[in-house]
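*Asks:* Here it is, the structure, as structure tokens.
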Amino acid sequence: MISFPNAKINLGLQIVERLPNGYHQINSCLYPIPWSDVLEVVPSKKTSFTSTGITIPSGDDNIILKAYRLLKKDYALPEISIHLHKSIPIGAGMGGGSSDGAFTLKLLSEENQLFLDETTLESYAEELGSDCPFFIKNKPALASGTGTELETIPLDLSGMHLLVINPGIHISTKEAYDNISPKPVNMDLKELLLTKDFKLWKKSLVNDFEMSIFSKYPQLCEIKDMLYENGASYAAMSGSGSTMFGLFQEKPQNLVSDENWIVKSLIL
């Protein structure tokens, strides 16, 4: 059985406060995009995992195997062979690993007729990581708390052109948070998003990671400027980076790109 775990972008990301357990309370909107990995699960005499495409961890830290073991604790899952073709860049702020884990849960539930509802799957997904529950419903949602408190919202960007640029810079979550100063929320993120007023978005819809990360990696700021110079209605960094994206009314033309960049042009 095959499924296609997709990526996401963040529309705004506010770091609200540092919690006593060391995690951070955030406020963001997660929006699914049509850039996908390929995940295949077939029956086997012994459970195994292989991958092609972008190199990923294959040991016990692999989120797909974690998802399998998580369900196997509670259900009599058979031995399986898992193969992932990885095309979503890792450590890039697009939730590719989280999506792989969540889609594994959904695929195993369907393949083994477990009939797990979305609430149950989200509970399992929360054990895998903070972005994972989002990919169960896989619909635009406000994320709060540590990212696992989700509210689906009727934000529709269908028909817009999305240009995604990953310059190949790996930014760990720890590195991203090192120079962050949390601050209270000063706007209604849902209200701002649903205006779909891109001039207002450009002014007020911010990713708090950009200030510190741009100072360390100025080429990311240069990419954002280039997106606006080429007609983007809105441009930002996704998550904790380093992926930059631009939303366009028309398909962007003749953008200059570096040969080391991964550039993806999509229609939402």
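Naming works like this for the structure tokens: A, B, ... for the chains as they're shown, residue 1 at the start of each chain, ligands 1 onward in shown order.
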Which neighbours of Gln25 of chain A fall inside 10 Å, counting only C-alpha atoms, when residues of the same chain fewer than 6 positions from it are skipped, and could you give them as a PyMOL selection string?

*Replies:* chain A and resi 14-19+143-147+182

*Asks:* Write down as a PyMOL selection string the residues of segment 70-213 of chain A whose backbone DSSP state falls under alpha helix (DSSP H).

*Replies:* chain A and resi 70-72+96-111+118-128+134-137+173-178+189-195+198-204+209-213

*Asks:* Which residues of segment 50-120 of chain A have any atom within 12 Å of an atom in segment 232-247 of chain A when counting only C-alpha atoms, and what is the closest pair of atoms for each, with the distance in Å to one decimal? Order the rows by chain and rising number and write it as JSON lines.

*Replies:*
{"residue": "A:Ile88", "atom": "CA", "partner": "A:Thr243", "partner_atom": "CA", "distance": 10.7}
{"residue": "A:Pro89", "atom": "CA", "partner": "A:Thr243", "partner_atom": "CA", "distance": 8.8}
{"residue": "A:Ile90", "atom": "CA", "partner": "A:Ser242", "partner_atom": "CA", "distance": 9.8}
{"residue": "A:Gly91", "atom": "CA", "partner": "A:Gly241", "partner_atom": "CA", "distance": 7.4}
{"residue": "A:Ala92", "atom": "CA", "partner": "A:Ser242", "partner_atom": "CA", "distance": 5.0}
{"residue": "A:Gly93", "atom": "CA", "partner": "A:Gly239", "partner_atom": "CA", "distance": 4.4}
{"residue": "A:Met94", "atom": "CA", "partner": "A:Ser238", "partner_atom": "CA", "distance": 6.5}
{"residue": "A:Gly95", "atom": "CA", "partner": "A:Gly239", "partner_atom": "CA", "distance": 8.4}
{"residue": "A:Gly96", "atom": "CA", "partner": "A:Gly239", "partner_atom": "CA", "distance": 11.6}

*Asks:* Measure the distance from atom CA of Leu189 of chain A to atom CA of Glu149 of chain A in Å and round it to one decimal.

*Replies:*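 A separation of 14.6 Å between them.
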
*Asks:* I need the strand (DSSP E or B) residues of segment 145-245 of chain A per DSSP on the backbone, written as a list in words.

*Replies:* Gly145, Glu149, Leu150, Glu151, Thr152, His161, Leu162, Leu163, Val164, Ile165, Asn166, Asn207, Tyr234, Ala235, Ala236, Met237, Met244 and Phe245 of chain A

*Asks:* Go through A:Thr55, A:Ile9, A:Ile171, A:Ser87 one by one, measure the shortest atom-to-atom distance of each to Phe214 of chain A using only C-alpha atoms, and give the residue with the smallest value.

*Replies:*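 The answer is A:Ile171, which sits nearest to Phe214 of chain A.
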